[in-house]
$ cat target_3.txt   # compact mmCIF, C-alpha atoms
# COMPACT_ATOMS: atom_id res chain seq x y z
CA MET A 635 101.70 92.86 114.71
CA HIS A 636 101.58 96.51 113.73
CA THR A 637 99.14 99.32 114.46
CA ARG A 638 97.16 101.40 112.00
CA GLN A 639 96.67 104.86 113.45
CA ASN A 640 94.24 107.67 112.82
CA GLN A 641 96.08 109.98 110.43
CA LYS A 642 95.36 113.02 112.61
CA ASN A 643 97.52 111.50 115.36
CA LEU A 644 100.60 110.88 113.21
CA THR A 645 103.79 112.71 114.10
CA SER A 646 105.65 114.68 111.45
CA THR A 647 108.25 111.89 111.38
CA GLN A 648 105.59 109.22 110.81
CA LYS A 649 104.08 111.23 107.97
CA LYS A 650 107.48 111.65 106.39
CA ARG A 651 108.28 107.94 106.65
CA PHE A 652 104.93 106.95 105.16
CA THR A 653 105.16 109.31 102.19
CA ALA A 654 108.81 108.39 101.60
CA ALA A 655 107.93 104.69 101.45
CA VAL A 656 105.05 105.39 99.05
CA LEU A 657 107.34 107.44 96.80
CA GLU A 658 109.92 104.64 96.78
CA LEU A 659 107.24 102.10 95.87
CA LYS A 660 106.29 104.39 93.00
CA ARG A 661 109.92 104.75 91.87
CA LYS A 662 110.29 100.97 91.72
CA GLY A 663 107.18 100.56 89.57
CA ALA A 664 105.41 98.45 92.20
CA TYR A 665 102.90 101.17 93.01
CA ASP A 666 101.62 101.37 89.44
CA ALA A 667 101.26 97.57 89.41
CA LEU A 668 98.91 97.90 92.40
CA VAL A 669 96.88 100.55 90.57
CA ARG A 670 96.54 98.22 87.59
CA THR A 671 95.29 95.44 89.88
CA HIS A 672 92.52 97.65 91.22
CA ASP A 673 91.53 98.77 87.75
CA LYS A 674 91.41 95.17 86.49
CA TYR A 675 89.01 94.09 89.22
CA PHE A 676 86.80 97.17 89.06
CA VAL A 677 83.93 95.39 87.32
CA PRO A 678 80.49 97.04 87.28
CA ASP A 679 77.48 94.84 87.80
CA ARG A 680 76.18 95.49 84.29
CA ASP A 681 79.07 93.30 83.08
CA ARG A 682 78.39 89.59 82.87
CA LYS A 683 81.71 88.49 84.34
CA LEU A 684 82.92 87.92 87.89
CA ARG A 685 82.70 90.91 90.23
CA VAL A 686 85.12 90.59 93.11
CA GLY A 687 86.28 94.10 94.04
CA HIS A 688 83.13 96.18 93.80
CA MET A 689 79.34 96.02 93.69
CA SER A 690 79.49 92.60 95.28
CA PRO A 691 79.74 90.91 98.71
CA SER A 692 83.52 90.50 98.48
CA PHE A 693 84.05 94.29 98.50
CA PHE A 694 85.31 94.16 102.11
CA PRO A 695 87.52 91.03 102.12
CA TRP A 696 88.96 91.84 98.68
CA HIS A 697 90.01 95.34 99.75
CA ARG A 698 91.36 94.01 103.05
CA ARG A 699 93.71 91.72 101.15
CA TYR A 700 94.54 94.49 98.70
CA LEU A 701 95.47 96.89 101.53
CA LEU A 702 97.62 94.19 103.11
CA GLU A 703 99.49 93.79 99.83
CA PHE A 704 100.22 97.51 99.72
CA GLU A 705 101.17 97.64 103.40
CA ARG A 706 103.53 94.66 103.15
CA GLN A 707 105.30 96.24 100.20
CA LEU A 708 105.70 99.49 102.15
CA GLN A 709 107.13 97.54 105.08
CA GLU A 710 109.72 95.93 102.85
CA ILE A 711 110.98 99.48 102.32
CA ASP A 712 110.47 100.70 105.90
CA PRO A 713 109.37 98.09 108.50
CA GLY A 714 108.11 100.86 110.77
CA VAL A 715 105.44 102.07 108.36
CA SER A 716 101.76 101.09 108.40
CA VAL A 717 98.72 102.43 106.58
CA PRO A 718 96.98 105.19 108.54
CA TYR A 719 93.23 105.64 108.33
CA TRP A 720 91.16 108.75 107.67
CA ASP A 721 87.92 109.10 109.60
CA TRP A 722 85.98 111.14 107.08
CA THR A 723 83.08 111.68 109.50
CA THR A 724 85.28 113.90 111.68
CA ASP A 725 88.07 115.29 109.47
CA THR A 726 85.75 116.86 106.93
CA SER A 727 87.55 119.97 105.75
CA PRO A 728 89.69 120.47 102.62
CA VAL A 729 92.22 122.04 105.00
CA SER A 730 92.35 119.14 107.47
CA SER A 731 95.84 117.93 108.41
CA LEU A 732 95.40 115.09 105.91
CA TRP A 733 95.71 117.59 103.06
CA ALA A 734 98.69 119.51 104.46
CA ASP A 735 101.88 120.09 102.51
CA ASP A 736 103.77 117.65 104.75
CA PHE A 737 101.39 114.77 104.09
CA LEU A 738 99.10 114.18 101.09
CA GLY A 739 99.08 117.71 99.70
CA GLY A 740 95.97 119.70 98.94
CA THR A 741 93.27 120.10 96.34
CA GLY A 742 93.87 120.76 92.67
CA ARG A 743 94.06 124.20 91.12
CA ALA A 744 90.84 125.51 89.61
CA SER A 745 91.90 125.45 85.96
CA ASP A 746 92.73 121.75 85.59
CA ARG A 747 92.49 120.16 89.10
CA LYS A 748 96.26 119.68 89.13
CA VAL A 749 97.59 119.04 92.66
CA MET A 750 100.29 121.65 93.28
CA THR A 751 101.35 120.96 96.87
CA GLY A 752 102.77 118.08 98.89
CA PRO A 753 105.01 115.13 97.99
CA PHE A 754 102.65 113.83 95.28
CA ALA A 755 102.51 117.03 93.25
CA TYR A 756 103.57 116.40 89.65
CA ASP A 757 105.93 119.37 89.63
CA THR A 758 108.18 117.78 92.26
CA GLY A 759 109.02 115.19 89.60
CA ASN A 760 108.27 112.11 91.73
CA TRP A 761 104.64 111.36 90.95
CA THR A 762 103.68 110.82 87.32
CA VAL A 763 100.37 109.08 86.73
CA THR A 764 100.86 106.30 84.19
CA VAL A 765 97.79 104.10 84.73
CA GLY A 766 94.51 105.48 83.40
CA ILE A 767 94.72 106.38 79.73
CA THR A 768 91.96 108.97 79.67
CA GLU A 769 93.34 111.05 82.54
CA SER A 770 96.24 113.41 83.00
CA ALA A 771 99.83 112.54 83.87
CA PHE A 772 99.53 114.75 86.95
CA LEU A 773 97.49 113.86 90.04
CA THR A 774 94.14 115.61 90.15
CA ARG A 775 91.77 116.45 93.02
CA ASN A 776 88.75 118.65 93.53
CA LEU A 777 88.15 118.49 97.28
CA GLY A 778 84.53 119.16 98.17
CA ARG A 779 83.67 119.90 94.53
CA PRO A 780 83.22 123.67 95.09
CA GLN A 781 81.44 124.27 91.79
CA ASN A 782 78.76 121.74 92.78
CA PRO A 783 79.35 121.19 96.51
CA ILE A 784 79.17 117.76 98.07
CA ALA A 785 79.59 116.90 101.75
CA LEU A 786 81.42 113.94 103.22
CA PRO A 787 79.26 111.28 104.90
CA THR A 788 78.09 112.12 108.39
CA ALA A 789 78.44 109.93 111.46
CA ALA A 790 74.68 109.30 111.26
CA GLU A 791 74.89 108.15 107.64
CA LEU A 792 77.71 105.79 108.53
CA GLN A 793 75.79 104.46 111.52
CA TRP A 794 72.80 103.83 109.23
CA ALA A 795 74.94 101.29 107.40
CA ILE A 796 76.55 99.76 110.49
CA ASP A 797 73.15 99.25 112.13
CA ASP A 798 71.98 96.87 109.39
CA PRO A 799 72.46 93.35 110.82
CA THR A 800 72.47 91.63 107.42
CA TYR A 801 75.83 91.55 105.64
CA ASP A 802 74.46 91.55 102.09
CA VAL A 803 71.31 90.58 100.21
CA SER A 804 70.25 89.23 96.84
CA PRO A 805 70.83 90.12 94.04
CA TRP A 806 74.28 90.79 95.54
CA ASP A 807 74.98 93.85 93.40
CA SER A 808 74.42 97.62 93.37
CA THR A 809 70.67 97.36 92.84
CA ALA A 810 69.72 95.64 96.10
CA THR A 811 66.98 97.70 97.74
CA ALA A 812 66.21 95.44 100.71
CA GLY A 813 69.17 96.71 102.70
CA GLY A 814 72.41 94.99 103.52
CA PHE A 815 75.42 96.50 105.27
CA ARG A 816 77.79 96.03 102.33
CA ASN A 817 75.63 97.86 99.82
CA LYS A 818 74.78 100.68 102.25
CA LEU A 819 78.43 101.19 103.13
CA GLU A 820 79.79 100.81 99.62
CA GLY A 821 77.29 103.41 98.54
CA TRP A 822 75.09 102.14 95.75
CA SER A 823 71.71 101.91 97.49
CA ALA A 824 71.18 105.59 98.31
CA PRO A 825 68.03 107.34 97.05
CA LYS A 826 68.45 109.28 93.84
CA SER A 827 68.31 112.57 95.75
CA GLU A 828 71.61 111.60 97.39
CA ARG A 829 73.36 109.47 94.86
CA TRP A 830 76.67 108.94 96.61
CA ARG A 831 76.62 107.68 100.19
CA ASN A 832 79.44 106.60 102.50
CA HIS A 833 82.35 104.94 100.64
CA ASN A 834 81.40 106.13 97.15
CA LYS A 835 80.61 109.62 98.35
CA VAL A 836 84.15 109.98 99.70
CA HIS A 837 85.59 109.15 96.29
CA GLN A 838 83.35 111.82 94.76
CA TRP A 839 84.25 114.39 97.43
CA ILE A 840 87.96 114.00 96.66
CA GLY A 841 87.31 114.05 92.92
CA GLY A 842 89.92 113.84 90.20
CA HIS A 843 91.66 110.49 89.93
CA MET A 844 89.72 109.11 92.91
CA THR A 845 86.51 108.83 90.89
CA GLY A 846 87.39 105.85 88.68
CA GLY A 847 88.85 102.37 88.58
CA THR A 848 92.38 103.77 88.84
CA ALA A 849 91.56 105.57 92.11
CA PRO A 850 94.72 104.29 93.87
CA ASN A 851 96.69 106.74 91.70
CA ASP A 852 95.83 109.07 94.60
CA PRO A 853 97.51 107.88 97.82
CA ALA A 854 94.45 109.15 99.70
CA PHE A 855 92.81 105.94 98.47
CA TRP A 856 94.66 103.83 101.04
CA LEU A 857 93.70 106.00 104.02
CA HIS A 858 90.09 105.99 102.89
CA HIS A 859 90.03 102.21 102.54
CA ALA A 860 91.81 101.63 105.83
CA PHE A 861 88.84 103.39 107.45
CA VAL A 862 86.43 101.27 105.39
CA ASP A 863 88.27 98.21 106.73
CA LEU A 864 87.90 99.53 110.29
CA ILE A 865 84.16 100.07 109.68
CA TRP A 866 83.83 96.40 108.74
CA ASP A 867 85.42 95.62 112.10
CA ARG A 868 82.87 97.80 113.87
CA TRP A 869 80.00 96.09 112.07
CA GLN A 870 81.32 92.64 113.06
CA GLN A 871 81.57 93.70 116.70
CA LYS A 872 78.03 95.10 116.68
CA HIS A 873 76.56 92.00 114.99
CA PRO A 874 78.57 89.01 116.27
CA GLY A 875 75.89 86.60 115.09
CA SER A 876 75.99 87.87 111.53
CA GLY A 877 78.51 86.79 108.94
CA TYR A 878 79.52 87.05 105.33
CA LEU A 879 76.85 86.28 102.75
CA PRO A 880 76.35 84.39 100.52
CA ALA A 881 77.64 81.59 102.72
CA ALA A 882 77.39 79.01 99.92
CA PRO A 883 77.77 79.20 96.14
CA LEU A 884 74.60 80.40 94.47
CA ALA A 885 72.22 77.86 93.03
CA ILE A 886 72.26 76.79 89.40
CA GLY A 887 69.90 79.11 87.58
CA ASP A 888 70.63 82.12 89.77
CA LEU A 889 71.65 84.96 87.44
CA GLN A 890 74.44 85.92 89.84
CA ARG A 891 75.98 82.44 89.93
CA GLY A 892 79.60 82.68 88.84
CA ARG A 893 79.52 86.45 89.20
CA VAL A 894 79.83 86.84 92.98
CA ILE A 895 82.13 85.19 95.52
CA ALA A 896 80.71 83.00 98.29
CA LEU A 897 82.32 82.60 101.72
CA ASP A 898 84.73 79.80 100.79
CA GLU A 899 85.37 80.62 97.16
CA PRO A 900 88.76 82.03 96.15
CA MET A 901 89.13 85.71 95.33
CA PRO A 902 91.45 86.54 92.44
CA PRO A 903 94.22 87.45 92.08
CA TRP A 904 95.32 85.95 95.42
CA ASN A 905 93.35 82.69 95.60
CA ILE A 906 92.27 83.57 99.14
CA THR A 907 88.68 83.29 100.42
CA PRO A 908 86.46 85.81 102.21
CA ARG A 909 86.51 83.51 105.26
CA GLU A 910 90.29 83.79 105.40
CA MET A 911 90.00 87.58 105.31
CA SER A 912 87.13 87.86 107.78
CA GLY A 913 89.46 88.91 110.61
CA HIS A 914 92.87 90.53 110.96
CA GLN A 915 93.89 89.32 114.41
CA GLY A 916 97.62 88.74 114.51
CA LEU A 917 98.19 90.92 111.45
CA TYR A 918 97.41 94.43 112.59
CA ARG A 919 95.21 96.38 114.96
CA TYR A 920 93.53 99.76 114.92
CA GLU A 921 94.26 102.53 117.38

$ encode --input "target_3.txt" --output "C-alpha cells"
Amino acid sequence: MHTRQNQKNLTSTQKKRFTAAVLELKRKGAYDALVRTHDKYFVPDRDRKLRVGHMSPSFFPWHRRYLLEFERQLQEIDPGVSVPYWDWTTDTSPVSSLWADDFLGGTGRASDRKVMTGPFAYDTGNWTVTVGITESAFLTRNLGRPQNPIALPTAAELQWAIDDPTYDVSPWDSTATAGGFRNKLEGWSAPKSERWRNHNKVHQWIGGHMTGGTAPNDPAFWLHHAFVDLIWDRWQQKHPGSGYLPAAPLAIGDLQRGRVIALDEPMPPWNITPREMSGHQGLYRYE
C-alpha cells in the first residue's frame, strides 16, 4: 500500500520522480489515451445518454478508479511514485510551490496563456497537447484569471458540501436544488452569483486546458482530483450512516433511468461498480 502526500510536503527528489514518470507516460502515448478516456465520459446532463463521469452520482467512484489507472501506470515506470494531492483551500496562490519551475510550472503568458516554465512547457519539447481539437498544441493556464479574478474555494465553502449528510438527490444531475454532497462538491448547485463552487471552481481558477473535457492535458488535474478523492473520504468519515445513492436502479418511467449509475451497476470503461470503489483500504492511504 502506498501513500498519497500533500504536494507541499514533497521533497525535490519526489517532485522530480513524479514529473519524470508523467513525462515518460506521455512519451509512450499512454497519457494521451487517459485524456481521451476522460473526454469520452465527459457527458453533460443535457445529453440523453449515460452520464458516468460528471453531473451524476458516480462522479466520485468513477474518478477514483480513473486516478488509480493513472497511478498504476506511473508505478509501472517508477514503483516509488504516487499521486500527490493539492489542498486548494490552503495553497491558494499562483506562486504556491505547486506552480514552481521544479514541479508543475506556472501560469501562461498573457498573450496566449502558453505555459512557459516547468517540465510541461511546450518549448522544452516534451509536452505537446494532441487531444482536444479546438485548443492549442501547447499547454495553457490562466491562474486566478487576472482579467476577471476568481478565487479558489474556501475551507468554509468546502465544509458546506461535506456537512450535507445526503450523498446525492434526485434528479441526480447538475440541476438538483435540494442539496446533496456530490452536487455541492462537484460544483453545479451554486447560486448564479457564484457560478463555480468547489471542484468546478478549481478548474476555472486554473483556466486554459483545465476548463473542458480534456482537462487531464494539464497534469494539475491529477493533484486536484486526488484532493477531491480525499474529500470523499472525509465525507464518509463524517457521515458513517450515509452511503452512495441511488442504491438501486431507478424505476421504469424515471427520466434518469439508464442515464445514471446505481450502487451495484457497472461503470464503463472498467466494468466496476460504485460499491467496489467506495473505499480504498489496502490500495493507498492519505498523509

$ atom_distance --input "target_3.txt" --atom1 "CA of Ala664 in chain A" --atom2 "CA of Ala755 in chain A"
18.8 Å

$ closest_atom_pairs --input "target_3.txt" --of "range 700-793 of chain A" --to "range 852-867 of chain A" --cutoff "8 Å" --atoms "only C-alpha atoms" --output "CSV"
residue,atom,partner,partner_atom,distance
A:Leu701,CA,A:Trp856,CA,7.0
A:Val717,CA,A:Leu857,CA,6.7
A:Pro718,CA,A:Leu857,CA,5.6
A:Tyr719,CA,A:Leu857,CA,4.4
A:Trp720,CA,A:Leu857,CA,5.2
A:Asp721,CA,A:Phe861,CA,6.2
A:Trp722,CA,A:His858,CA,7.8
A:Leu738,CA,A:Ala854,CA,7.0
A:Leu773,CA,A:Asp852,CA,6.8

$ closest_residue --input "target_3.txt" --among "A:Phe693, A:Thr723, A:Arg680, A:Ile840" --to "Val749 in chain A" --atoms "only C-alpha atoms"
A:Ile840

$ atom_distance --input "target_3.txt" --atom1 "CA of Met635 in chain A" --atom2 "CA of Tyr918 in chain A"
5.0 Å

$ atom_distance --input "target_3.txt" --atom1 "CA of Pro902 in chain A" --atom2 "CA of Leu659 in chain A"
22.4 Å

$ closest_residue --input "target_3.txt" --among "A:Ser770, A:Thr800, A:Gln793, A:Thr653" --to "Arg831 in chain A" --atoms "all atoms listed in the file"
A:Gln793

$ closest_residue --input "target_3.txt" --among "A:Pro880, A:Asp679, A:Val763, A:Ile796" --to "Trp822 in chain A" --atoms "only C-alpha atoms"
A:Asp679

$ closest_residue --input "target_3.txt" --among "A:Gly877, A:Gly752, A:Trp696, A:Asn832" --to "Ala790 in chain A" --atoms "only C-alpha atoms"
A:Asn832

$ closest_residue --input "target_3.txt" --among "A:Lys642, A:His688, A:Arg919, A:His636" --to "Gln709 in chain A" --atoms "all atoms listed in the file"
A:His636

$ residues_near_point --input "target_3.txt" --point "(70.2, 96.7, 102.1)" --cutoff "10 Å" --atoms "all atoms listed in the file" --output "JSON list (two decimals) with C-alpha atoms, keeping the file's coordinate frame"
[["chain", "number", "residue", "atom", "x", "y", "z"],
["A", 795, "ALA", "CA", 74.94, 101.29, 107.40],
["A", 798, "ASP", "CA", 71.98, 96.87, 109.39],
["A", 799, "PRO", "CA", 72.46, 93.35, 110.82],
["A", 800, "THR", "CA", 72.47, 91.63, 107.42],
["A", 801, "TYR", "CA", 75.83, 91.55, 105.64],
["A", 802, "ASP", "CA", 74.46, 91.55, 102.09],
["A", 803, "VAL", "CA", 71.31, 90.58, 100.21],
["A", 804, "SER", "CA", 70.25, 89.23, 96.84],
["A", 806, "TRP", "CA", 74.28, 90.79, 95.54],
["A", 808, "SER", "CA", 74.42, 97.62, 93.37],
["A", 809, "THR", "CA", 70.67, 97.36, 92.84],
["A", 810, "ALA", "CA", 69.72, 95.64, 96.10],
["A", 811, "THR", "CA", 66.98, 97.70, 97.74],
["A", 812, "ALA", "CA", 66.21, 95.44, 100.71],
["A", 813, "GLY", "CA", 69.17, 96.71, 102.70],
["A", 814, "GLY", "CA", 72.41, 94.99, 103.52],
["A", 815, "PHE", "CA", 75.42, 96.50, 105.27],
["A", 816, "ARG", "CA", 77.79, 96.03, 102.33],
["A", 817, "ASN", "CA", 75.63, 97.86, 99.82],
["A", 818, "LYS", "CA", 74.78, 100.68, 102.25],
["A", 819, "LEU", "CA", 78.43, 101.19, 103.13],
["A", 822, "TRP", "CA", 75.09, 102.14, 95.75],
["A", 823, "SER", "CA", 71.71, 101.91, 97.49],
["A", 824, "ALA", "CA", 71.18, 105.59, 98.31]]

$ residues_near_point --input "target_3.txt" --point "(97.4, 95.7, 87.4)" --cutoff "12 Å" --atoms "all atoms listed in the file" --output "short mmCIF file (atom, residue, chain, number, x, y, z; two decimals) with C-alpha atoms, in the coordinates of the input"
data_model
loop_
_atom_site.label_atom_id
_atom_site.label_comp_id
_atom_site.auth_asym_id
_atom_site.auth_seq_id
_atom_site.Cartn_x
_atom_site.Cartn_y
_atom_site.Cartn_z
CA GLY A 663 107.18 100.56 89.57
CA ALA A 664 105.41 98.45 92.20
CA TYR A 665 102.90 101.17 93.01
CA ASP A 666 101.62 101.37 89.44
CA ALA A 667 101.26 97.57 89.41
CA LEU A 668 98.91 97.90 92.40
CA VAL A 669 96.88 100.55 90.57
CA ARG A 670 96.54 98.22 87.59
CA THR A 671 95.29 95.44 89.88
CA HIS A 672 92.52 97.65 91.22
CA ASP A 673 91.53 98.77 87.75
CA LYS A 674 91.41 95.17 86.49
CA TYR A 675 89.01 94.09 89.22
CA PHE A 676 86.80 97.17 89.06
CA TYR A 700 94.54 94.49 98.70
CA THR A 764 100.86 106.30 84.19
CA VAL A 765 97.79 104.10 84.73
CA GLY A 766 94.51 105.48 83.40
CA GLY A 847 88.85 102.37 88.58
CA THR A 848 92.38 103.77 88.84
CA PRO A 850 94.72 104.29 93.87
CA ASN A 851 96.69 106.74 91.70
CA PRO A 903 94.22 87.45 92.08
#

$ closest_residue --input "target_3.txt" --among "A:Met901, A:Ala744, A:Val729, A:Ile895" --to "Asp807 in chain A" --atoms "only C-alpha atoms"
A:Ile895

$ residues_around --input "target_3.txt" --residues "Gly742 in chain A" --least-positions-apart "3" --cutoff "6 Å" --atoms "all atoms listed in the file" --output "NGL selection string"
:A and (747-749 or 774-776)
